[in-house]
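Engineer: Contents of coords-v4.txt (compact mmCIF, C-alpha atoms and all ligand atoms) are given next:
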# COMPACT_ATOMS: atom_id res chain seq x y z
CA MET W 1494 17.90 120.73 166.47
CA ASP W 1495 16.07 119.45 163.38
CA GLN W 1496 15.35 116.11 164.93
CA LYS W 1497 12.22 114.19 165.86
CA MET W 1498 13.78 113.02 169.14
CA PHE W 1499 17.13 112.88 170.86
CA CYS W 1500 18.24 109.96 173.00
CA TYR W 1501 21.72 108.60 173.56
CA GLN W 1502 21.25 106.87 176.87
CA CYS W 1503 22.23 103.35 175.84
CA GLU W 1504 25.00 101.60 173.94
CA GLN W 1505 22.65 100.78 171.06
CA THR W 1506 22.24 104.43 170.15
CA ALA W 1507 22.18 105.10 166.38
CA GLY W 1508 25.61 105.61 164.86
CA CYS W 1509 27.14 105.79 168.37
CA ALA W 1510 25.85 109.37 168.40
CA GLY W 1511 22.14 109.47 169.21
CA CYS W 1512 18.71 108.25 168.10
CA THR W 1513 17.05 111.20 166.37
CA GLY W 1514 14.41 109.79 164.00
CA SER W 1515 10.80 108.71 164.44
CA THR W 1516 11.89 105.75 166.57
CA GLY W 1517 15.08 104.76 168.35
CA VAL W 1518 17.04 101.59 167.65
CA CYS W 1519 15.20 100.00 170.59
CA GLY W 1520 11.79 100.85 169.14
CA LYS W 1521 11.09 103.80 171.44
CA THR W 1522 8.98 106.33 169.57
CA ALA W 1523 9.68 110.05 169.38
CA GLU W 1524 6.52 110.67 171.41
CA THR W 1525 7.67 108.30 174.17
CA ALA W 1526 11.09 109.96 174.19
CA ARG W 1527 9.39 113.36 174.50
CA LEU W 1528 7.22 112.16 177.39
CA GLN W 1529 10.23 110.62 179.15
CA ASP W 1530 12.08 113.93 178.91
CA GLN W 1531 8.97 115.71 180.18
CA LEU W 1532 8.85 113.34 183.15
CA VAL W 1533 12.50 114.04 183.96
CA GLY W 1534 11.74 117.76 183.74
CA ALA W 1535 8.81 117.32 186.13
CA MET W 1536 11.04 115.43 188.58
CA ILE W 1537 13.58 118.25 188.45
CA GLY W 1538 10.73 120.62 189.35
CA LEU W 1539 9.81 118.36 192.27
CA ALA W 1540 13.45 118.18 193.39
CA ARG W 1541 13.64 121.99 193.27
CA ALA W 1542 10.49 122.21 195.39
CA ALA W 1543 12.13 119.86 197.90
CA GLU W 1544 15.30 121.97 198.18
CA GLY W 1545 15.63 123.28 201.69
CA VAL W 1546 13.03 120.83 203.02
CA GLU W 1547 14.58 118.75 205.78
CA CYS W 1548 12.49 115.63 205.20
CA PRO W 1549 10.76 115.60 201.78
CA GLY W 1550 9.24 112.26 202.79
CA ASP W 1551 8.77 108.77 201.41
CA ARG W 1552 6.10 109.82 198.91
CA VAL W 1553 8.48 112.25 197.25
CA TYR W 1554 11.32 109.72 197.24
CA ARG W 1555 9.11 106.98 195.84
CA THR W 1556 7.76 109.26 193.12
CA VAL W 1557 11.30 110.14 192.02
CA ILE W 1558 12.55 106.54 192.17
CA GLU W 1559 9.56 105.31 190.14
CA GLY W 1560 9.90 108.16 187.65
CA LEU W 1561 13.61 107.74 187.05
CA PHE W 1562 13.19 103.97 186.75
CA THR W 1563 10.35 104.51 184.24
CA THR W 1564 12.66 106.48 181.93
CA LEU W 1565 15.46 103.91 182.01
CA THR W 1566 16.18 102.14 178.73
CA ASN W 1567 13.54 99.57 177.74
CA VAL W 1568 11.58 99.80 181.00
CA SER W 1569 8.36 101.44 179.77
CA PHE W 1570 7.15 102.53 176.36
CA ASP W 1571 3.63 102.95 177.75
CA ASP W 1572 2.79 106.58 176.99
CA ASP W 1573 -0.32 106.60 179.18
CA ALA W 1574 1.68 105.26 182.13
CA ILE W 1575 4.34 107.93 181.61
CA ARG W 1576 1.67 110.66 181.43
CA ALA W 1577 0.18 109.33 184.67
CA GLN W 1578 3.62 109.44 186.30
CA ILE W 1579 4.06 113.07 185.15
CA GLU W 1580 0.72 113.96 186.74
CA LYS W 1581 1.68 112.13 189.93
CA THR W 1582 4.97 114.07 190.04
CA HIS W 1583 3.11 117.37 189.64
CA ARG W 1584 0.70 116.40 192.43
CA GLU W 1585 3.60 115.61 194.75
CA LYS W 1586 5.20 118.96 193.96
CA GLU W 1587 1.96 120.81 194.67
CA ARG W 1588 1.55 118.92 197.94
CA LEU W 1589 5.11 119.77 198.92
CA LEU W 1590 4.73 123.43 198.04
CA ALA W 1591 1.55 123.66 200.09
CA ALA W 1592 3.20 122.19 203.18
CA PRO W 1593 5.09 124.26 205.77
CA VAL W 1594 8.84 124.25 205.13
CA LYS W 1595 11.00 122.84 207.90
CA LYS W 1596 14.60 123.87 208.47
CA SER W 1597 17.52 124.32 206.10
CA ALA W 1598 18.33 127.53 204.22
CA GLY W 1599 17.79 126.40 200.62
CA PRO W 1600 16.56 128.64 197.80
CA ARG W 1601 12.95 127.66 198.31
CA GLU W 1602 13.00 128.85 201.91
CA LYS W 1603 14.54 132.16 200.91
CA ALA W 1604 11.78 132.69 198.38
CA ALA W 1605 8.93 131.50 200.52
CA GLY W 1606 9.72 132.45 204.07
CA GLU W 1607 7.98 130.26 206.62
CA SER W 1608 5.44 128.71 204.29
CA GLY W 1609 6.03 126.83 201.06
CA ALA W 1610 2.70 128.07 199.72
CA ALA W 1611 4.24 131.27 198.43
CA ALA W 1612 7.35 129.75 196.87
CA SER W 1613 8.62 131.45 193.73
CA VAL W 1614 6.98 129.72 190.77
CA GLN W 1615 9.98 129.71 188.43
CA ASP W 1616 12.10 128.10 191.17
CA THR W 1617 9.99 124.97 190.97
CA ASP W 1618 8.90 124.96 187.32
CA ASP W 1619 9.43 121.81 185.29
CA TYR W 1620 12.79 121.84 183.54
CA ASN W 1621 12.96 121.74 179.75
CA LEU W 1622 15.30 118.82 179.13
CA GLY W 1623 15.66 119.94 175.52
CA LEU W 1624 18.02 122.61 176.87
CA LEU W 1625 20.35 119.86 178.06
CA TRP W 1626 20.56 118.14 174.68
CA ASP W 1627 21.62 121.44 173.04
CA MET W 1628 24.33 122.36 175.56
CA ASP W 1629 28.08 122.54 175.09
CA PRO W 1630 29.18 118.90 174.56
CA ASP W 1631 31.33 118.75 177.71
CA ILE W 1632 28.58 120.11 179.95
CA ARG W 1633 25.96 117.96 178.25
CA SER W 1634 28.12 114.87 178.73
CA LEU W 1635 28.72 115.51 182.42
CA LYS W 1636 25.08 116.27 183.12
CA SER W 1637 24.06 113.21 181.10
CA LEU W 1638 26.40 111.07 183.21
CA ILE W 1639 24.61 112.36 186.30
CA LEU W 1640 21.15 111.76 184.81
CA PHE W 1641 21.88 108.29 183.44
CA GLY W 1642 23.62 107.33 186.68
CA LEU W 1643 20.56 108.41 188.65
CA LYS W 1644 18.31 106.39 186.34
CA GLY W 1645 20.39 103.24 186.85
CA MET W 1646 20.57 103.79 190.58
CA ALA W 1647 16.79 104.19 190.67
CA ALA W 1648 16.40 100.65 189.34
CA TYR W 1649 18.39 99.30 192.30
CA ALA W 1650 16.56 101.57 194.75
CA TYR W 1651 13.18 100.48 193.35
CA HIS W 1652 13.91 96.78 193.78
CA ALA W 1653 15.22 97.40 197.31
CA LEU W 1654 12.09 99.41 198.09
CA MET W 1655 9.91 96.50 197.00
CA LEU W 1656 11.60 94.50 199.76
CA GLY W 1657 11.11 97.29 202.30
CA ALA W 1658 14.66 98.72 202.17
CA SER W 1659 15.43 102.41 201.78
CA ASP W 1660 18.37 104.72 202.49
CA GLU W 1661 18.08 108.42 203.30
CA THR W 1662 21.49 109.27 201.77
CA VAL W 1663 20.52 107.59 198.52
CA ASN W 1664 17.06 109.17 198.50
CA GLN W 1665 18.37 112.66 199.18
CA PHE W 1666 20.98 112.29 196.45
CA PHE W 1667 18.32 111.57 193.82
CA LEU W 1668 16.98 115.08 194.52
CA THR W 1669 20.42 116.70 194.70
CA GLY W 1670 21.50 115.12 191.43
CA LEU W 1671 18.30 116.14 189.62
CA ARG W 1672 18.72 119.74 190.75
CA GLU W 1673 22.31 119.72 189.52
CA ILE W 1674 21.13 118.99 185.96
CA ALA W 1675 19.15 122.22 185.87
CA LYS W 1676 21.83 124.46 187.36
CA ASP W 1677 24.38 126.45 185.43
CA GLY W 1678 27.45 124.26 185.64
CA THR W 1679 31.07 124.15 184.62
CA VAL W 1680 33.27 121.12 184.09
CA GLU W 1681 34.89 121.86 187.45
CA SER W 1682 31.59 122.20 189.31
CA LEU W 1683 29.96 119.14 187.71
CA LEU W 1684 32.79 116.62 188.02
CA PRO W 1685 32.42 116.16 191.82
CA THR W 1686 28.72 115.35 191.36
CA VAL W 1687 29.55 112.83 188.64
CA LEU W 1688 31.96 111.10 191.05
CA LYS W 1689 29.38 111.32 193.81
CA VAL W 1690 26.92 109.40 191.60
CA GLY W 1691 29.36 106.49 191.60
CA GLU W 1692 29.90 106.69 195.35
CA VAL W 1693 26.20 106.82 196.24
CA ASN W 1694 25.45 104.10 193.70
CA LEU W 1695 27.73 101.75 195.66
CA THR W 1696 25.71 102.50 198.79
CA CYS W 1697 22.54 101.80 196.83
CA MET W 1698 23.86 98.49 195.47
CA ALA W 1699 24.91 97.42 198.97
CA MET W 1700 21.40 98.23 200.18
CA LEU W 1701 19.85 96.08 197.43
CA ASP W 1702 22.27 93.23 198.10
CA ALA W 1703 21.40 93.31 201.81
CA ALA W 1704 17.68 93.40 200.96
CA ASN W 1705 17.96 90.46 198.55
CA THR W 1706 20.13 88.25 200.74
CA GLY W 1707 18.26 89.27 203.90
CA THR W 1708 14.96 88.23 202.30
CA TYR W 1709 15.95 85.27 200.13
CA GLY W 1710 19.25 84.04 201.62
CA THR W 1711 22.78 84.07 200.21
CA PRO W 1712 22.86 82.83 196.58
CA ILE W 1713 24.67 79.57 195.94
CA PRO W 1714 25.72 77.92 192.64
CA VAL W 1715 22.99 75.56 191.41
CA SER W 1716 22.11 73.55 188.33
CA VAL W 1717 18.98 74.80 186.57
CA PRO W 1718 17.00 72.39 184.35
CA LEU W 1719 16.20 73.70 180.88
CA VAL W 1720 13.47 71.16 180.08
CA VAL W 1721 9.78 72.06 180.41
CA GLU W 1722 7.86 69.23 182.07
CA ARG W 1723 4.37 68.08 181.06
CA GLY W 1724 1.48 69.95 182.62
CA PRO W 1725 0.37 73.55 183.15
CA PHE W 1726 3.05 76.12 183.72
CA ILE W 1727 3.75 79.86 183.97
CA VAL W 1728 6.84 81.67 182.66
CA VAL W 1729 8.14 84.66 184.61
CA THR W 1730 10.57 87.15 183.14
CA GLY W 1731 12.24 90.39 184.26
CA HIS W 1732 14.14 91.21 187.46
CA ASP W 1733 11.56 91.48 190.21
CA LEU W 1734 12.25 88.77 192.80
CA LYS W 1735 9.31 89.92 194.92
CA ASP W 1736 6.89 89.29 192.05
CA LEU W 1737 8.37 85.81 191.60
CA GLU W 1738 8.02 85.11 195.32
CA LEU W 1739 4.35 86.18 195.26
CA LEU W 1740 3.73 83.95 192.24
CA LEU W 1741 5.41 81.00 193.98
CA LYS W 1742 3.27 81.50 197.08
CA GLN W 1743 0.09 81.74 194.98
CA THR W 1744 0.86 78.54 193.06
CA GLU W 1745 1.81 76.38 196.07
CA GLY W 1746 0.05 73.03 195.84
CA LYS W 1747 -1.84 74.04 192.67
CA GLY W 1748 -0.07 71.67 190.26
CA VAL W 1749 1.26 74.58 188.18
CA ASN W 1750 4.97 74.70 187.46
CA ILE W 1751 6.99 77.91 187.24
CA TYR W 1752 9.85 78.60 184.81
CA THR W 1753 12.10 81.64 184.79
CA HIS W 1754 13.18 83.41 181.61
CA GLY W 1755 16.14 85.67 180.83
CA GLU W 1756 17.15 87.94 183.70
CA MET W 1757 15.06 85.97 186.20
CA LEU W 1758 17.45 83.00 185.89
CA PRO W 1759 19.59 84.00 188.94
CA ALA W 1760 16.50 83.65 191.15
CA HIS W 1761 17.20 79.89 191.31
CA ALA W 1762 20.33 80.59 193.35
CA TYR W 1763 18.41 82.11 196.28
CA PRO W 1764 17.53 79.44 198.88
CA GLU W 1765 14.24 81.06 199.91
CA LEU W 1766 13.01 80.96 196.31
CA ARG W 1767 14.55 77.65 195.37
CA LYS W 1768 12.72 75.93 198.24
CA TYR W 1769 9.46 76.02 196.25
CA PRO W 1770 9.20 72.65 194.46
CA GLN W 1771 7.13 74.08 191.60
CA LEU W 1772 10.05 76.36 190.58
CA LYS W 1773 11.17 73.82 188.00
CA GLY W 1774 13.73 75.47 185.76
CA ASN W 1775 14.45 78.04 183.08
CA PHE W 1776 12.68 78.45 179.74
CA GLY W 1777 14.26 80.03 176.67
CA THR W 1778 17.24 82.34 176.48
CA ALA W 1779 17.80 86.08 176.94
CA TRP W 1780 15.42 89.06 177.19
CA GLN W 1781 15.95 90.23 173.62
CA ASN W 1782 14.40 86.95 172.42
CA GLN W 1783 11.19 87.38 174.41
CA GLN W 1784 8.94 88.16 171.44
CA LYS W 1785 10.25 85.23 169.43
CA GLU W 1786 10.28 82.73 172.29
CA PHE W 1787 6.95 83.79 173.79
CA ALA W 1788 5.06 83.87 170.48
CA ASP W 1789 3.36 80.49 170.77
CA ILE W 1790 4.01 78.92 174.15
CA PRO W 1791 0.86 77.39 175.68
CA ALA W 1792 1.22 79.23 178.98
CA PRO W 1793 0.69 82.60 180.64
CA ILE W 1794 3.74 84.86 180.96
CA LEU W 1795 4.35 87.16 183.92
CA PHE W 1796 6.37 90.20 182.85
CA THR W 1797 8.02 91.92 185.79
CA THR W 1798 10.19 95.03 185.91
CA ASN W 1799 13.42 95.51 184.01
S1 LIG P 1 17.31 103.88 174.66
FE1 LIG P 1 16.53 103.49 172.58
S2 LIG P 1 16.23 105.53 171.71
FE2 LIG P 1 17.64 105.76 173.48
S3 LIG P 1 19.74 105.56 172.67
FE3 LIG P 1 19.10 103.51 173.29
S4 LIG P 1 18.26 102.61 171.40
FE4 LIG P 1 18.31 104.84 171.08
What would you get if you wrote out this structure as structure tokens?

Structural biologist:
Amino acid sequence: MDQKMFCYQCEQTAGCAGCTGSTGVCGKTAETARLQDQLVGAMIGLARAAEGVECPGDRVYRTVIEGLFTTLTNVSFDDDAIRAQIEKTHREKERLLAAPVKKSAGPREKAAGESGAAASVQDTDDYNLGLLWDMDPDIRSLKSLILFGLKGMAAYAYHALMLGASDETVNQFFLTGLREIAKDGTVESLLPTVLKVGEVNLTCMAMLDAANTGTYGTPIPVSVPLVVERGPFIVVTGHDLKDLELLLKQTEGKGVNIYTHGEMLPAHAYPELRKYPQLKGNFGTAWQNQQKEFADIPAPILFTTN
């Protein structure tokens, strides 16, 4: 392809076909897009290294959840952070390959025998995601559905993890789905995995719902003031309820008011967050107006995850 980048993972994609220039419609640079693809390729390598391992472990799961979430639309354009995540993914793979393999007759076990230390190198190499973008359109579309579904599911899994919730079926499926992207596939062989993404995603959403309501109570309809009161205040934006809770605890009795912005607005509906009297209301409008609305407010802003 004679393109500087290729990304078509969101509805804003250029010409409803793909962002291919120096930057995407969202502002993502070609270098960031390249690094994100490299990170996905590294995670596929990690998932391959975990094939046949009975319990890859929380470190592997967390690395994959963080990595997939990092590559989701508009989550991180921080190239250094993405490079660090690639290095972390490689370290996890090396650690996994150096550990004894337990149970299960996956490809890695066949190649390595009793010890992962001798696993076949090409079995666990990083995957070149550029191969995916050049595939037959039907195969590319099905594999993209799997990849984008995993990325979205990782956002839910990450937020649940921040509240201490995790699910082995969901975690294992992140690895299964990543491996599927690198395999030779047909429409017939890929469709069941695409459907499985939807099924496991429901499990993941239920886990996040249970984590949110178990921690902060069942949301109820409430009125949210839109007026900023006199005095010092902090604005918090993004989705991370745990970050908001920590901020509310740290500002108890300090005379500093807290205002949500954009996607943090629903936090007011949770009783265990609403109980803090300094959570006063909502400032501004939606996330896409952050730069404009935050340009000259006389207050610190806490940006949390997408
Ligand atoms: S995430 Fe950005 S670069 Fe990718 S398709 Fe959407 S607008 Fe284009």

Engineer: May I ask you to write as a ChimeraX atom specification all residues lying at most 6 Å from ligand LIG 1 (chain P), with only C-alpha atoms and all ligand atoms counted?

Structural biologist: /W:1500-1503,1505-1506,1511-1512,1517-1519,1521,1566

Engineer: Which residue, W:Ser1716, W:Thr1778, W:Gln1531, W:Thr1711, has the smallest gap to His1754 (chain W) when you use only C-alpha atoms?

Structural biologist: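 Residue with the minimum atom-to-atom distance to His1754 (chain W): W:Thr1778.
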
Engineer: Mind pulling up the distance from CA of Leu1671 (chain W) to CA of Met1536 (chain W)?

Structural biologist: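 Interatomic distance here is 7.4 Å.
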
Engineer: So the first atom is CA of Tyr1769 (chain W) and the second is CA of Asn1782 (chain W); what is the distance between them in Å, to one decimal place?

Structural biologist: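 These two atoms are separated by 26.7 Å.
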
Engineer: Between CA of Gly1746 (chain W) and CA of Arg1767 (chain W), what distance in Å does the model show, to one decimal?

Structural biologist: 15.2 Å

Engineer: Considering only C-alpha atoms, tabulate each residue of region 1682-1768 of chain W that lies at most 8 Å from region 1626-1638 of chain W along with its nearest interatomic pair and the corresponding distance in Å to one decimal; arrange the rows by chain and ascending residue number and present them as JSON lines.

Structural biologist:
{"residue": "W:Leu1683", "atom": "CA", "partner": "W:Leu1635", "partner_atom": "CA", "distance": 6.5}
{"residue": "W:Leu1684", "atom": "CA", "partner": "W:Leu1635", "partner_atom": "CA", "distance": 7.0}
{"residue": "W:Val1687", "atom": "CA", "partner": "W:Leu1638", "partner_atom": "CA", "distance": 6.5}

Engineer: Mind listing as a list in words all residues within 10 Å of (12.8, 110.5, 167.1), counting all atoms listed in the file?

Structural biologist: Gln1496, Lys1497, Met1498, Phe1499, Cys1500, Gly1511, Cys1512, Thr1513, Gly1514, Ser1515, Thr1516, Gly1517, Val1518, Gly1520, Lys1521, Thr1522, Ala1523, Glu1524, Thr1525, Ala1526 and Arg1527 of chain W

Engineer: Excluding region 1755-1758 of chain W and its own-chain neighbours fewer than 2 positions away, which residues fall within 6 Å of it when counting only C-alpha atoms? Please give them as a list in words.

Structural biologist: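 Listed by chain and then number, they are Thr1730, Gly1731, His1732, Thr1753, Ala1760, Thr1778, Ala1779 and Trp1780 of chain W.
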
Engineer: Within 10 Å of region 1662-1665 of chain W, counting only C-alpha atoms, which residues show up once you throw out same-chain ones fewer than 3 positions away? Write them as a short mmCIF file (atom, residue, chain, number, x, y, z; two decimals) with C-alpha atoms, in the coordinates of the input, please.

Structural biologist:
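Saved to selection-v3.cif:
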data_model
loop_
_atom_site.label_atom_id
_atom_site.label_comp_id
_atom_site.auth_asym_id
_atom_site.auth_seq_id
_atom_site.Cartn_x
_atom_site.Cartn_y
_atom_site.Cartn_z
CA ALA W 1540 13.45 118.18 193.39
CA ALA W 1543 12.13 119.86 197.90
CA GLU W 1544 15.30 121.97 198.18
CA GLU W 1547 14.58 118.75 205.78
CA CYS W 1548 12.49 115.63 205.20
CA PRO W 1549 10.76 115.60 201.78
CA GLY W 1550 9.24 112.26 202.79
CA ASP W 1551 8.77 108.77 201.41
CA VAL W 1553 8.48 112.25 197.25
CA TYR W 1554 11.32 109.72 197.24
CA ARG W 1555 9.11 106.98 195.84
CA VAL W 1557 11.30 110.14 192.02
CA ILE W 1558 12.55 106.54 192.17
CA LEU W 1643 20.56 108.41 188.65
CA MET W 1646 20.57 103.79 190.58
CA ALA W 1647 16.79 104.19 190.67
CA ALA W 1650 16.56 101.57 194.75
CA SER W 1659 15.43 102.41 201.78
CA LEU W 1668 16.98 115.08 194.52
CA THR W 1669 20.42 116.70 194.70
CA GLY W 1670 21.50 115.12 191.43
CA VAL W 1690 26.92 109.40 191.60
CA GLU W 1692 29.90 106.69 195.35
CA VAL W 1693 26.20 106.82 196.24
CA ASN W 1694 25.45 104.10 193.70
CA LEU W 1695 27.73 101.75 195.66
CA THR W 1696 25.71 102.50 198.79
CA CYS W 1697 22.54 101.80 196.83
CA MET W 1700 21.40 98.23 200.18
#

Engineer: If we count all atoms listed in the file and set the cut-off at 9 Å, which residues sit around His1761 (chain W), ignoring sequence neighbours fewer than 6 positions away in its own chain? Please answer as a ChimeraX atom specification.

Structural biologist: /W:1712-1717,1753,1767,1772,1774-1775

Engineer: So, counting all atoms listed in the file, which residue among W:Leu1532, W:Ala1658, W:Val1729, W:Ala1574 is closest to Pro1793 (chain W)?

Structural biologist: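 Among W:Leu1532, W:Ala1658, W:Val1729, W:Ala1574, it is W:Val1729 that comes nearest to Pro1793 (chain W).
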
Engineer: May I have the residues within 12 Å of Gln1578 (chain W) as a ChimeraX atom specification, using all atoms listed in the file and disregarding those fewer than 3 positions away in the same chain?

Structural biologist: /W:1528-1529,1531-1536,1555-1564,1569,1571-1575,1581-1585

Engineer: Taking all atoms listed in the file into account, which of W:Lys1773, W:His1652, W:Lys1785, W:Lys1676 comes nearest Asn1799 (chain W)?

Structural biologist: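 When distances to Asn1799 (chain W) are compared using all atoms listed in the file, the smallest one comes from W:His1652.
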
Engineer: Name the residues in contact with Gly1724 (chain W) at a cut-off of 12 Å, using all atoms listed in the file, excluding same-chain residues fewer than 3 positions from it; report them as an mmCIF file with C-alpha atoms, in the coordinates of the input.

Structural biologist:
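The resulting file, part-v8.cif, is shown below:
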data_model
loop_
_atom_site.group_PDB
_atom_site.id
_atom_site.type_symbol
_atom_site.label_atom_id
_atom_site.label_comp_id
_atom_site.auth_asym_id
_atom_site.auth_seq_id
_atom_site.Cartn_x
_atom_site.Cartn_y
_atom_site.Cartn_z
ATOM 1 C CA VAL W 1721 9.780 72.060 180.410
ATOM 2 C CA ILE W 1727 3.750 79.860 183.970
ATOM 3 C CA LYS W 1747 -1.840 74.040 192.670
ATOM 4 C CA GLY W 1748 -0.070 71.670 190.260
ATOM 5 C CA VAL W 1749 1.260 74.580 188.180
ATOM 6 C CA ASN W 1750 4.970 74.700 187.460
ATOM 7 C CA ILE W 1751 6.990 77.910 187.240
ATOM 8 C CA GLN W 1771 7.130 74.080 191.600
ATOM 9 C CA LYS W 1773 11.170 73.820 188.000
ATOM 10 C CA PRO W 1791 0.860 77.390 175.680
ATOM 11 C CA ALA W 1792 1.220 79.230 178.980
#

Engineer: With only C-alpha atoms as the basis for distance, which of W:Leu1624, W:Leu1589, W:Ala1788, W:Cys1509 is at the shortest distance from Val1546 (chain W)?

Structural biologist: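 That would be W:Leu1589, the residue with the smallest distance to Val1546 (chain W).
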